[in-house]
Every structure is written in C-alpha cells, then in structure tokens.
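What follows is a single structure, written as structure tokens, with notes after it.
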Amino acid sequence: MRIRHPHPRSHARALAGVGVAAVLLASSACDSESTGASSSSGETLALSIFGTPNSFDPTQLLEGQQMYVWDSVYDTLLIQDNKGRLQPGAAKSWQYSSDARTLTLKLRTGMKFSSGSVVDAAAVKATLERIRTTPGPNQGVLASVASVEAPDSHTVVIKLKQPDGSLLTSLSTAAGVIGDPKTMTSKSAALNPVGSGPYTLDKGATVNGSVYVLKRRDDYWNKKAYPFRTVKIRVISDQTASANALKAGETNAGTIDVAQVGSFKSAGFETKHVQATAVAALVLGDREGSVLEPLGDVRVRKAINMAFDRTKMVKQLLRGSGRPTEQIFNPKGPGHDPALDQTYSYDPAAAKKLLAEAGYANGFSVTMPSLVFTKPFEPTFTQALADIGIKVKWQPVPPQQSVSAIASKKYPMFLIVDGLNTTPVEARNFYSPTGYRNVFNSTDPELSKLLDRANRELDPAKAADIYQEINEFGVENAWYGPVFYIGSDWATKKGITYLGDGSSTLATIRQFGVADQTS
C-alpha cells in the first residue's frame, strides 16, 4: 500500500451568477489553512454574498459563495490549504491501496457535533451513503464509489468501482461533509444544520435570505485556523451595493471592481490582486459534428481558437484584471503548461484559410445560449467569430434554465465562465466522457488511456506529467476555445488580511486571517 501522509503534494465549478461581478466574487473565493493565528482574537469577519444558500442539507450543498456558510458549520474529511494542497480535516490521515481502488481514512478522536453527539465512522458512512444515493449536486461526484464501510469507530473504508483521481479533492468539498445522522434526514436540516465544524449558526441573529451569523466553537480541534469569534455573512445581490457596504463598514472584506482599487487603498483598505480565479472559454462540444457538422473537423475548431485577440480582450473586457490563456487548467496547478499558450496566435486570415480547407470557405452559422454571465462578453465574441466568417445568434436562456439548457445538447458550442479548480477535478469535468463540461460525451482512445493512467497514479509528480499530457491533448485537438482567465481584487479592512493566491478557489473562512497571521 502507498501511505498518504498528512501533507501530500497535490493540486488540484460552474458559476451561477447574476452578472460578471457575481461570477468574479463566486470564483475568487480562495481557500487556505491559516496557521499561527491568535485563537483569542475577538475579531469579527463580515462578508457579503450575492445569493441565498439554497439548503444546508448535506445532499444539496452548492459550492461558490454559499460555501462560506456551510463550510463553517460542517467539517469535511480533507481540506485544501491556501496553496491548493490537500491537508487533514476530520480525517487525520489516509491511504490508498496499490490498485487505487480502496481508500482508507483514519478519523480524529474527540470530535463532536454541535448537538453533542460524537463524530465517528458511522456518521461519515451515513453521510457519504446519503450523498451518493440522493439526487443532488454532489451525487455524481461520488459516482465512482461502490461502497462505504466503517470497520471501527475511527476508520472509514471507501471502495471504488474504478480508480478516481479526483476523489480526494472531492472529499475536501461538499461531497466530504459530515452530517449528524440523528438530524440530517429531518426537514429542519435545510435551515438548521447540525455539524461538527468550527462555527454554529446563530439562529437568533440569522435571518434566512438576509444575514447569516456564525459563532465560533471554542472546543474545535483546529481553532487556530479560525481567528474570528463571529462571522457575519450578508446577502447583497448588487455589486455596487456590496462595495458601498464595504465602504460604510457594514462588511470588512470583499471583492471590488478593478477601477475601485485606488479609492479603497486611499481609504485605508488593504488590497490584493489575484490574477486568475475563473476561466472564460468556448466549449466546442459537438466534436462529432452531430448537431453542427463543421465542429466535427478539428481544423474548424483550431480556426476558432485563432479568431481571438486574447491580449486585447483582457485589456478591454477585464481592464487588465486577468490574463490571456489557451488552456482551461488552473495556472497554479500541475496540469498547466505555459508552453501551450503559444499554440494559437491571433490570425484571422489563417483561420479563414483553415475553414476553407475544411470546406467552409463561406463560413457557417451557429446559435449559442445567452446566459446571465455571458452577456457582457457576447458582442466581442460575436465580432471575433464574424471576422473569420462564423455568424453567431445568441438565444436568451432564463437563469434558472442555464444548467439544463447547456446539458440538453441543443447548443453545439457555448461560452462558459467557470471558477478554477484542482487539476484532477478539471480533468474530470472537461475531459471525462461523463464530465459535466463534456456535454456531448466525447471520447478518444488516446485520451481514455491518459485519463485511466492519471486516475491510477498515486505518485503526485508522475500524475502531474500525465495531466499535462491530457492538457496538451485538449489544446492540440481544440476541444475548447479558452480565451482568458478572470482575476479578482480583494479589499480588507485594517487588521484583516486575505490569504489566497488563486491556487485554491474554495470559498471558506480559512482564506482570511488577522494582520499578524502568516499564510
């Protein structure tokens, strides 16, 4: 067996937004394990989020900004530090069998739910089994799990149908939470969660849909990672109102528009720029040409990649708060390869030539879904594609239908703005036949072999090489048309510091520290 110690070298979501500002905030929530903080700090952390948490039921948890609330209430089996590395959570250690099909986790002792019940292997088993058998946003994440066993009170054994390189990362997110078996199946769990996390939800001060107040547990095992006694999370759906709340002192940390950085600095705020927290890309999904024949030709997909002046788009659309890219992997992760960003130069003439060679000298037309978070970018993409002969019609899609519309296979290509993730999760989401961004379930013998090797490889360094090969396959075969990474700018009041750098994009309170704290 290969032993997975507490500090393995491992790096690793679609964003439902109400505009680009919401996308930026949701995607920029970088996670870190704070060390060296004063556990006696009396600080209050006050944030705003754009939408109301949908539910605190462990089977229905959503990532993005909602994670600030539920991740404070629930423990996860593993956590990600501010460099995206997996660290012990409720599980103090873990190990895989040599065939990567059995994962054994050893739990901490002395942990308790806020109800007073003991956290044990039976609770972990009950939660995992419920998540993987209950329809919800995280059921598919555990699709590789065949069974969960609890041979003793502090040991959990997860047996897999096939190796899954993204499982460990998944256990640091919503799929890895631990619920109290006595309460998590009740209707009250949706609004009144019982967890073993560092905070409890203050029901007296919380107003669902408006403000969520969290009180720190003094008996928490990892108290030093949470220097704030109180956390207040307000729901503010407008970016301007969110910035005004920050200026007025109603909140003390949040993302701001790049144009506001100077004024916030002048007002005494500490600011920090993170260059890449989300990626904007065209999903060239119909790679067999079943709905739109031209996309079945790799020359057409390559031509599309040559249609974008990425550097200019970053300057004009993002005002410099981002960077050009030709790949979808997180630039802080091991799957990213800087050399791949030299694959497609901006060359409309050469793109037209490729289209002509493919039999489309006169171009073609395509209908793409107009989504809430794509609207600011649509004119620029329309013009860039028109310049090489591709006419785009944008079909409005109501926000509540965005996910189903994309998954319907009605749209052969579409624009996404996705929060960056860990490399194994990105490989699963974008390149697995069942990945949610691989809408048309594309497969390729070479890619299938690479994915299988990556899932089986237990040495992080060797796995990194394989993920780079997967990335190279995707770029060379133009499965996607990545255009730019979107950055974010954080502003924090004096005494509070933001610890993230984009390596992890999970929205947890661990990304914030007090001024004398080091990341």
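Simple scheme: letters A, B, ... for chains in structure tokens order, numbers from 1 for residues in each chain, numbers from 1 for ligands in the order shown.
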
Write out as a ChimeraX atom specification which residues come within 12 Å of Ser404 in chain A when counting only C-alpha atoms, dropping same-chain ones fewer than 6 positions away.
-> /A:369,371,397-398,410-411,436,439

Could you build a table of the residues in range 107-213 of chain A lying no more than 10 Å from range 442-465 of chain A, giving for each the nearest pair of atoms and their separation in Å rounded to one decimal place, using only C-alpha atoms, ordered by chain and ascending residue number, as a Markdown table?
| residue | atom | partner | partner_atom | distance |
| --- | --- | --- | --- | --- |
| A:Gln162 | CA | A:Asn455 | CA | 8.5 |
| A:Pro163 | CA | A:Asn455 | CA | 5.3 |
| A:Asp164 | CA | A:Asn455 | CA | 4.9 |
| A:Gly165 | CA | A:Asn455 | CA | 4.1 |
| A:Ser166 | CA | A:Asn455 | CA | 7.6 |
| A:Leu167 | CA | A:Asn455 | CA | 9.4 |

Counting only C-alpha atoms, the option among A:Phe329, A:Trp490, A:Tyr212, A:Phe473 closest to Ala427 in chain A |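 Of A:Phe329, A:Trp490, A:Tyr212, A:Phe473, the one nearest Ala427 in chain A, counting only C-alpha atoms, is A:Phe329.
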
Looking only at strand (DSSP E) from DSSP on the backbone, list the matching residues of range 86-326 of chain A as a PyMOL selection string.
-> chain A and resi 86-88+91-96+102-107+145-152+155-160+199-201+211-216+230-235+253-256+270-283+322-324

Surrounding residues of Phe308 in chain A excluding itself and chain neighbours under 5 positions, 9 Å, only C-alpha atoms, as number ranges by chain = A: 313, 345-348, 381, 384-385, 483

Near-Ala356 in chain A list (10 Å; only C-alpha atoms; drop same-chain fewer than 6 positions) as a ChimeraX atom specification | /A:299-300,350,362-363

Quick one: pick out all helix (DSSP H, G or I) residues within range 301-335 of chain A from a backbone DSSP run and write them as a PyMOL selection string.
-> chain A and resi 301-305+310-317

Could those residues be written to a file, using all heavy atoms, as a CSV table (one decimal), in the first residue's frame?
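The result, stored in selection.csv:
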chain,number,residue,atom,x,y,z
A,301,ARG,N,-12.2,23.8,-35.4
A,301,ARG,CA,-12.0,24.1,-34.0
A,301,ARG,C,-10.8,24.9,-33.8
A,301,ARG,O,-10.7,25.8,-33.0
A,301,ARG,CB,-12.1,22.9,-33.2
A,301,ARG,CG,-13.4,22.0,-33.3
A,301,ARG,CD,-13.5,21.0,-32.2
A,301,ARG,NE,-12.5,20.1,-32.1
A,301,ARG,CZ,-12.4,18.9,-32.8
A,301,ARG,NH1,-13.4,18.6,-33.6
A,301,ARG,NH2,-11.4,18.0,-32.6
A,302,LYS,N,-9.7,24.6,-34.6
A,302,LYS,CA,-8.5,25.3,-34.5
A,302,LYS,C,-8.6,26.7,-35.0
A,302,LYS,O,-8.1,27.7,-34.5
A,302,LYS,CB,-7.4,24.6,-35.3
A,302,LYS,CG,-6.9,23.3,-34.6
A,302,LYS,CD,-5.7,22.7,-35.3
A,302,LYS,CE,-5.2,21.5,-34.6
A,302,LYS,NZ,-4.0,20.9,-35.3
A,303,ALA,N,-9.4,26.9,-36.1
A,303,ALA,CA,-9.7,28.2,-36.7
A,303,ALA,C,-10.4,29.1,-35.6
A,303,ALA,O,-10.0,30.3,-35.5
A,303,ALA,CB,-10.5,28.1,-37.9
A,304,ILE,N,-11.3,28.5,-34.9
A,304,ILE,CA,-12.0,29.3,-33.9
A,304,ILE,C,-11.0,29.8,-32.8
A,304,ILE,O,-11.1,30.9,-32.4
A,304,ILE,CB,-13.1,28.4,-33.2
A,304,ILE,CG1,-14.2,28.2,-34.2
A,304,ILE,CG2,-13.7,29.1,-32.0
A,304,ILE,CD1,-15.3,27.2,-33.8
A,305,ASN,N,-10.0,29.0,-32.5
A,305,ASN,CA,-9.0,29.4,-31.5
A,305,ASN,C,-8.1,30.5,-32.0
A,305,ASN,O,-7.5,31.2,-31.2
A,305,ASN,CB,-8.2,28.1,-31.1
A,305,ASN,CG,-8.8,27.4,-29.9
A,305,ASN,OD1,-8.6,27.8,-28.7
A,305,ASN,ND2,-9.5,26.3,-30.2
A,310,ARG,N,-6.6,37.7,-27.7
A,310,ARG,CA,-6.8,37.5,-26.3
A,310,ARG,C,-6.2,38.6,-25.4
A,310,ARG,O,-6.8,39.0,-24.4
A,310,ARG,CB,-6.2,36.1,-25.9
A,310,ARG,CG,-6.9,34.9,-26.5
A,310,ARG,CD,-6.1,33.6,-26.2
A,310,ARG,NE,-6.9,32.4,-26.6
A,310,ARG,CZ,-7.1,31.9,-27.8
A,310,ARG,NH1,-6.5,32.5,-28.8
A,310,ARG,NH2,-7.8,30.8,-28.0
A,311,THR,N,-5.1,39.1,-25.8
A,311,THR,CA,-4.4,40.2,-25.0
A,311,THR,C,-5.3,41.4,-25.1
A,311,THR,O,-5.5,42.1,-24.0
A,311,THR,CB,-3.0,40.5,-25.6
A,311,THR,OG1,-2.2,39.3,-25.5
A,311,THR,CG2,-2.4,41.6,-24.8
A,312,LYS,N,-5.8,41.7,-26.2
A,312,LYS,CA,-6.7,42.9,-26.3
A,312,LYS,C,-8.0,42.7,-25.6
A,312,LYS,O,-8.5,43.7,-24.9
A,312,LYS,CB,-7.0,43.2,-27.8
A,312,LYS,CG,-7.9,44.4,-28.1
A,312,LYS,CD,-8.1,44.6,-29.6
A,312,LYS,CE,-9.0,45.8,-29.9
A,312,LYS,NZ,-9.2,46.0,-31.3
A,313,MET,N,-8.5,41.5,-25.6
A,313,MET,CA,-9.8,41.2,-24.8
A,313,MET,C,-9.6,41.4,-23.3
A,313,MET,O,-10.5,41.9,-22.6
A,313,MET,CB,-10.3,39.8,-25.2
A,313,MET,CG,-10.7,39.7,-26.7
A,313,MET,SD,-11.1,38.0,-27.2
A,313,MET,CE,-12.7,37.7,-26.4
A,314,VAL,N,-8.4,41.0,-22.8
A,314,VAL,CA,-8.2,41.2,-21.4
A,314,VAL,C,-8.1,42.6,-21.0
A,314,VAL,O,-8.7,43.1,-20.0
A,314,VAL,CB,-6.8,40.5,-21.0
A,314,VAL,CG1,-6.4,40.9,-19.6
A,314,VAL,CG2,-7.0,39.0,-21.1
A,315,LYS,N,-7.5,43.4,-21.9
A,315,LYS,CA,-7.4,44.9,-21.6
A,315,LYS,C,-8.8,45.5,-21.7
A,315,LYS,O,-9.2,46.4,-20.9
A,315,LYS,CB,-6.5,45.5,-22.6
A,315,LYS,CG,-5.0,45.1,-22.5
A,315,LYS,CD,-4.2,45.8,-23.5
A,315,LYS,CE,-2.7,45.4,-23.3
A,315,LYS,NZ,-1.8,46.0,-24.4
A,316,GLN,N,-9.6,45.2,-22.7
A,316,GLN,CA,-10.9,45.9,-22.9
A,316,GLN,C,-12.0,45.3,-22.1
A,316,GLN,O,-12.8,46.1,-21.5
A,316,GLN,CB,-11.3,45.8,-24.4
A,316,GLN,CG,-10.3,46.5,-25.4
A,316,GLN,CD,-10.8,46.5,-26.8
A,316,GLN,OE1,-11.7,45.7,-27.2
A,316,GLN,NE2,-10.3,47.5,-27.6
A,317,LEU,N,-12.1,44.0,-21.9
A,317,LEU,CA,-13.2,43.4,-21.2
A,317,LEU,C,-12.9,43.4,-19.7
A,317,LEU,O,-13.9,43.5,-18.9
A,317,LEU,CB,-13.5,42.0,-21.7
A,317,LEU,CG,-14.0,42.0,-23.2
A,317,LEU,CD1,-14.2,40.5,-23.6
A,317,LEU,CD2,-15.4,42.7,-23.3

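Shortest atom-to-atom contact with Asp257 in chain A among A:Ala91, A:Ala46, A:Ile486, A:Ala349: A:Ile486, counting only C-alpha atoms.
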
Among the residues A:Glu378, A:Asp418, A:Asp387, A:Glu469, the one that comes closest to Thr505 in chain A [using only C-alpha atoms] = A:Asp418
